[in-house]
Structures are given as structure tokens and as C-alpha cells.
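Trainee: Have a look at this one.
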Amino acid sequence: MGLFVEGIGGAIAKIATLDPDVIDAAIASLVVSGAATLLAVVTGIPIGAIIGLTRFRGRRLLLSLVNTGMGLPPVVVGLFVVTFLWRSGALGDLNWYCTRQGMVIAQYLLAAPSVVGLTAIALQSMDPLLRMQLLSLGASRRQAAWLLIRESRVLVFGAVIAGFGAVISEVGASQMVGCNIRSDTRILTTAITLETSKGEFGTAYALAFILLAIIFAITAFFTYAQQRRPHLW
Amino acid sequence: MLEAVDLTAYRGERAVAHAARIDLAEGEHLALLGPNGAGKSSLVLGLATLIRTVGELRYRGTLISDAAAFRQKTAVVFQRPLLLDRSVRENAALGLALRGISRRERDARAETELARLGVGQLADRPAIGLSGGEAQRVSIARALAIDPEILFLDEPFSALDAPTRETLIADLAQILRDRGVTTVMVTHDRDEALSLADRIGVVMNGELRQLDTAETVFGMPSDPEIAAFVGVENVLPARVERATDELTFLRIADQHVEITEQPPPGDDFPLMCVRPDDVVISREPAAMSARNSFRARIVRLEPIGRRTRLVLDCGFPLIAHVTRQSARDMGLAVDDQVVASFKATVPHLLPRIRH
């Protein structure tokens, strides 16, 4: 209990004084996880729409792989990405090992399956006649897909929230790919691990509070967007 | 306006409906009638180029090669309203928005159609939460707002309760007459087909089996299955005794029947169809022009809607419909002896299906 009280007190002090290490880690978390989620949304929703709305050979196998991807252990993803980014690896020339770019790739691989899989399920679960209705009203296939995605926004935003949640709170892949470099690739989760191992509970709690606040704020934003009734265009 | 020749509609890889020929004239209202699962919806979706078809489909004489361009000229109303989670106005304007019409113009046109369908006051309401009848009116307004050259209606009233359905059918019939929009409607309801259609196509077991005026389909169905479906409850095996220029003389069980229709060529054992509404019931033989009168026993009395259905035994089974008021006035009861009559012009002969 003493450690907990000490930790809370230290956290308040770190946040109140805008401790640079805490602020840097928070910014790095937002930048890396935000970029990874954005990439996952931009690529994952169209891929999910194709899987959810069309029928092609190998579709079920692809969906099984995507669903498997939702449960990928972050350290396995970290190992995989490090292997590619290692100096002698296939993408070694990019020099992205121990960089935020490398972390974005790792987090993208963690977030994308959730966005793809949940978007596909959201669209697949919609009334198939609705797509036919949109086409009959003169929609192109792309317009129909876009309207269906917007119509199933509750589940699609759920996919985005799941994707963001998968990356903002992960530690293994980011630690392995980013190397946890202070004021650069150190994000909130890797910083919490480090500070806890050093017995710096005040800093660890400060980082934890900020992490929770970020998760709450961004999830609240997505939830608001999810529940809002959109206009046509 | 729309012409289909040897058209087969597919669901996935499975052929589900076929029509040898459909010709739809401009301004015509065609109803595709058939039991549930007969393939009539697949046929109409095929005509609307919403599912894969094989065969010839021509619009104004030209083979349809660009389905998306053809769909710009048509609209479909489905059984369910299929509205988006937006306001009623935005739903009604959806087809116009997809055509790039400006917001002001599409709102105005949507509001006009909503008002015409009697739901103008709901324009600002969210579509989710409307009653079934209101939602279907919005769905029809959405279809009419794009001013389609052909309107396809896929059982749009079947999910509605009877009073709502009747009102909506009456309103839509008026609108379709006023606007002269060419219409293809799918229904399993004979009254709906009669209310809205100039011609009726009967679809059974995935095949368009008869396409003709309502009078012909209901009065002279082309086979016993259609006869049964369109309400010709009396389909009786007959034997041709002789035929003159004026009359054909038939024997049904032990009774003689005279009709004006010529027997099917080469078929001495046709089926005789008589609509129950065409059978007249009296207590005693009366002097009348009807050529066919039989003493009959009432086997069963069943109220159906505003009518009473009589199952009679007059040497052969015969079904008759009388109004409930007539049944009461005549004091009809099971086992009563009555006289059943029908005119020689009433029966229609079908070739016997030989197995």
C-alpha cells in the first residue's frame, strides 16, 4: 500500500511539472500508435470490405488467416519485423531498426488484422439486399461499398477501436523493434516496463495515468463518431 | 420498352428462374404472380440487372451491355424498406444524391415525393423507428424521386398488415396511373396483381408459364397448376361426348355439361375449369339461361373473408362461393339440397396432363 501511495504522489508531481521524459513518451506513443492505426484503417477497411462484400476463391482461408492475425503475440510480430529490419535483413537498407518507422510497421501488423477482420464481419452481417438496393438506386460498386461501410459504422468504428487498443497497449513488439531509446522510440508502455524494473513507481504511475487518459480520450472520440448519425455525403 | 428473350436468372451458379419471352410496353404495368419460392423475385431482379442472367435483355430495342447505365433509368422497391440510418428526407433523396444532383434540388424532389406518398411530415425524422407502412412509403418515394423509366416492385406490400397494405396499394395504383411509369411488380397476391397490373405473368417452379391479360390468366389459365393458383378451384376431369359448332357436350362423372369452348385438339379427356364465383346457388330449379344446373348436397360450409365457400356434391365435387349475406338469407346449412348452376360460357378446358 505504501508503494502505491508513493507512486500516486510521484505521478502527480511528474504530471504537474510536465516531466520531459513522461511527455516525450506520451508524444511517441501517440505518434507511433496513431500512425499505425491510421495505416491500418486506410488499408484495412477496403480490404475488409472486399472480403466482406465479395466472394472469391480462397476467401475463407484469407479470413481464417486474418482472424488468426487478431491473436498474434506482439513479441512474435516484433521478432518477425526485427528479422526484416536487421542490417542484413530483407529491409535492412531502410535503416528502420530502432526507429519509430520500424515500430509503426510492427504496430500496423498488430492492428491491421483487427480492422480487416472486424470490417469484413461487419459488412458480411449486413442485409445483402441493402447492397442490391443501393446498386438499384444507381450506386456504383464503390459508392455502394462506401455507403455500406458508413451504415455499419458502429461495427467498423468498433474495428478501429479494437485496432487502436491492440497497439497503444502493446509493449513486446515496440520494445524489440524500437529498442526503447529515450526521447525517441521510448513509448508509454516500454517506459512503464523500464521504470517499474528500476523501482521508479512514481514515474511508472505517471506514465500509466497518461496512457489510460489517452486510451479513454481516443476511445471516447471514436465512440462519439460511432454513435453519431451521419449525413448523406 | 423492355424485352427479354430466353432469359435465365442465376443465384450464384444455380439457374433459378426462366422466361421464354417478356415484352413490356411503355407505361404498362406487369405483375409477376406466383407462389412463394416460385422464382418470380429472381426473374424481376434479373430484369433489373441486379443478378446474373443469361439470355437476351433489350431496352428500347438495344441489347443491355452496360448494366450500371441501365440501372440509372430504373428503380427497385423491395419487400423490406431497406432504409439507411439517416433522416427520412435523406433516404428519399439517396438516388438523386448518387446521381450528383445538388442538395437543394434533391431535397425539393424528395419532399415532393414524400408528400405524394403521404409522409411529407416525417421528412426530418430519423428513418429508423418509422412504422412498417411509413418506411415502405419512404422507400417508394425514394424510388419515384429519381423519376425512373421502369419501376420494379418486389413484393413491396407483403410485410405490411392488411389495412396498411390496402391503403398503400390504392395510393400507389393512383400514382402509377397518374405518372404512367412502366412497372414490373412481383406478388403472390392475386388481388394486388389485379389492382395494379394490366397484364399478369404467372411464375411457377422457376418458369414464366403464362403471360397475358388478367382476364385471360384468371379466366383461361394455361395449365391446372396455374388454374389452382389463380383460384380456379374446380378443375374437373371430363370426357368429350360430342361437339357441334355452338356447343361442346361433356360428361363429368354421371352428369352432362354443355359449354361453348371447343375441346383441345385431339384430347377427348380434357380438364374443365370453373371459377367458384361463377357457380350460382338456388334452392329450387329456376328458369334461367344457364345451360348447366345440378341438384347438389352441401358437404361443407366455410366462411372465407366476406364470402362463404360451399363444397357441393352434385355427382362430382363442385366448389361455389356466395356472399355471407346470401348464405344467411338462404339459410344454407350442411346436408341441405340446393341447385348449382353455371352458364355454358363459363368453363374453360385444359388439356389433360398425362403422366
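Ordered as shown in the C-alpha cells, chains take letters A, B, and onward, while each chain numbers its residues from 1 and ligands are numbered from 1 in the order shown.
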Check every residue of chain B for an atom within 9 Å of chain A, counting only C-alpha atoms, and provide those that qualify as a ChimeraX atom specification.
Mentor: /B:48-51,68-78,80,82-87,90-91,94-99,126,142-143,146
Trainee: List the neighbours of Val82 (chain A) out to 12 Å using only C-alpha atoms; skip same-chain residues closer than 4 positions along the sequence, and give me the result as a VMD selection string.
Mentor: chain A and resid 74 to 78 86 to 92 95 to 99 102 to 103 105 to 106 172 to 179
Trainee: Can you list, as a PyMOL selection string, every residue of region 100-141 of chain B that DSSP puts in alpha helix (DSSP H)?
Mentor: chain B and resi 103-116+132-141
Trainee: Can you list, as a list in words, every protein, DNA or RNA residue that comes within 12 Å of Gln226 (chain A) when you count only C-alpha atoms, leaving out same-chain residues fewer than 4 positions away?
Mentor: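 Near Gln226 (chain A), the qualifying residues are Ile149, Arg150, Glu151, Ser152, Arg153, Val154, Leu155, Val156, Phe157, Gly158, Ala159, Val160, Ile161, Thr219, Ala220, Phe221, Phe222 and Pro230 of chain A.
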Trainee: Include N, CA and C atoms and write out the residues we just selected as a compact mmCIF listing (two decimals), in the first residue's frame.
Mentor:
```txt
# COMPACT_ATOMS: atom_id res chain seq x y z
N ILE A 149 -20.25 0.73 -45.61
CA ILE A 149 -19.28 0.91 -44.51
C ILE A 149 -19.83 1.96 -43.54
N ARG A 150 -20.37 3.05 -44.10
CA ARG A 150 -20.91 4.09 -43.22
C ARG A 150 -22.13 3.58 -42.46
N GLU A 151 -22.92 2.74 -43.14
CA GLU A 151 -24.11 2.22 -42.49
C GLU A 151 -23.75 1.26 -41.36
N SER A 152 -22.62 0.56 -41.52
CA SER A 152 -22.21 -0.37 -40.48
C SER A 152 -21.15 0.26 -39.59
N ARG A 153 -21.21 1.60 -39.47
CA ARG A 153 -20.15 2.33 -38.77
C ARG A 153 -20.00 1.89 -37.32
N VAL A 154 -21.08 1.44 -36.69
CA VAL A 154 -20.97 1.03 -35.29
C VAL A 154 -19.93 -0.09 -35.17
N LEU A 155 -20.01 -1.05 -36.08
CA LEU A 155 -19.06 -2.17 -36.03
C LEU A 155 -17.71 -1.77 -36.61
N VAL A 156 -17.72 -0.92 -37.65
CA VAL A 156 -16.45 -0.52 -38.26
C VAL A 156 -15.65 0.33 -37.27
N PHE A 157 -16.32 1.26 -36.58
CA PHE A 157 -15.61 2.03 -35.55
C PHE A 157 -15.14 1.10 -34.42
N GLY A 158 -15.94 0.09 -34.15
CA GLY A 158 -15.52 -0.93 -33.18
C GLY A 158 -14.23 -1.58 -33.63
N ALA A 159 -14.11 -1.81 -34.95
CA ALA A 159 -12.88 -2.39 -35.50
C ALA A 159 -11.71 -1.44 -35.31
N VAL A 160 -11.97 -0.14 -35.54
CA VAL A 160 -10.90 0.86 -35.38
C VAL A 160 -10.47 0.93 -33.91
N ILE A 161 -11.47 0.93 -33.02
CA ILE A 161 -11.16 0.98 -31.58
C ILE A 161 -10.35 -0.26 -31.18
N THR A 219 -10.69 6.60 -27.32
CA THR A 219 -11.84 5.69 -27.42
C THR A 219 -13.15 6.47 -27.33
N ALA A 220 -13.18 7.50 -26.46
CA ALA A 220 -14.39 8.33 -26.34
C ALA A 220 -14.67 9.06 -27.65
N PHE A 221 -13.60 9.55 -28.31
CA PHE A 221 -13.78 10.24 -29.59
C PHE A 221 -14.37 9.29 -30.64
N PHE A 222 -13.77 8.10 -30.72
CA PHE A 222 -14.28 7.12 -31.70
C PHE A 222 -15.72 6.70 -31.35
N PRO A 230 -24.81 10.03 -39.34
CA PRO A 230 -24.11 10.82 -40.34
C PRO A 230 -25.08 11.44 -41.36
```
Trainee: Which residues, written as a PDB file with N, CA and C atoms, in the first residue's frame, have at least one atom at most 6 Å from Val338 (chain B), with only C-alpha atoms counted and residues fewer than 4 positions away on the same chain left out?
Mentor:
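Wrote out15.pdb, looks like this:
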```pdb
ATOM      1  N   SER B 282     -79.130 -21.910 -55.936  1.00  0.00           N
ATOM      2  CA  SER B 282     -80.544 -21.595 -55.643  1.00  0.00           C
ATOM      3  C   SER B 282     -81.143 -22.770 -54.876  1.00  0.00           C
ATOM      4  N   ARG B 283     -82.293 -22.493 -54.271  1.00  0.00           N
ATOM      5  CA  ARG B 283     -82.957 -23.563 -53.514  1.00  0.00           C
ATOM      6  C   ARG B 283     -83.690 -24.535 -54.449  1.00  0.00           C
ATOM      7  N   ARG B 295     -78.657 -30.786 -59.209  1.00  0.00           N
ATOM      8  CA  ARG B 295     -79.062 -30.905 -57.809  1.00  0.00           C
ATOM      9  C   ARG B 295     -77.820 -31.281 -57.010  1.00  0.00           C
ATOM     10  N   ALA B 296     -77.627 -30.636 -55.872  1.00  0.00           N
ATOM     11  CA  ALA B 296     -76.386 -30.851 -55.114  1.00  0.00           C
ATOM     12  C   ALA B 296     -76.671 -30.868 -53.622  1.00  0.00           C
TER      13      ALA B 296
END
```
Trainee: One number please: CA of Thr190 (chain A) to CA of Ile27 (chain A), in Å, one decimal.
Mentor: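 Straight-line distance from CA of Thr190 (chain A) to CA of Ile27 (chain A) works out to 13.2 Å.
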Trainee: Looking at only C-alpha atoms, which of B:Val88, B:Val186, B:Leu236, B:Leu2 is the one that sits closest to Leu45 (chain B)?
Mentor: B:Val186
Trainee: Would you list the contacts of Phe229 (chain B) as a PyMOL selection string, taking every protein, DNA or RNA residue within 10 Å and counting only C-alpha atoms, but skipping same-chain residues closer than 5 positions in sequence?
Mentor: chain B and resi 33-35+188-190+202+204+218+221+224
Trainee: Which residue is closest to Leu30 (chain B)? Choose from B:Leu144, B:Ile150, B:Ala320, B:Ala286 and count only C-alpha atoms.
Mentor: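 Smallest separation from Leu30 (chain B) among the options: B:Ile150.
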Trainee: Pick out the residues sitting within 8 Å of region 28-36 of chain A, and hand them over as a list in words; count only C-alpha atoms, and ignore anything fewer than 3 positions along from it in its own chain.
Mentor: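 Surrounding residues, per the criterion: Asp24, Ala25, Leu39, Ala40, Arg100, Gln101, Met103, Val104, Ile105, Gln107, Tyr108, Ala111, Phe164, Val167, Ile168, Ser183, Asp184, Thr185, Arg186, Ile187 and Leu188 of chain A.
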Trainee: Would you list the contacts of His18 (chain B) as a list in words, taking every protein, DNA or RNA residue within 7 Å and counting only C-alpha atoms, but skipping same-chain residues closer than 3 positions in sequence?
Mentor: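 Those residues are Asp6, Leu7, Thr8, Ala9, Gly206, Glu207 and Leu208 of chain B.
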Trainee: What gap, in Å, lies between CA of Gly10 (chain A) and CA of Ala166 (chain A)?
Mentor: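 Going from CA of Gly10 (chain A) over to CA of Ala166 (chain A) covers 28.0 Å.
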Trainee: Could you tell me how far CA of Tyr10 (chain B) lies from CA of Ser42 (chain B), in Å and to one decimal?
Mentor: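 Pair CA of Tyr10 (chain B) / CA of Ser42 (chain B) returns 7.6 Å.
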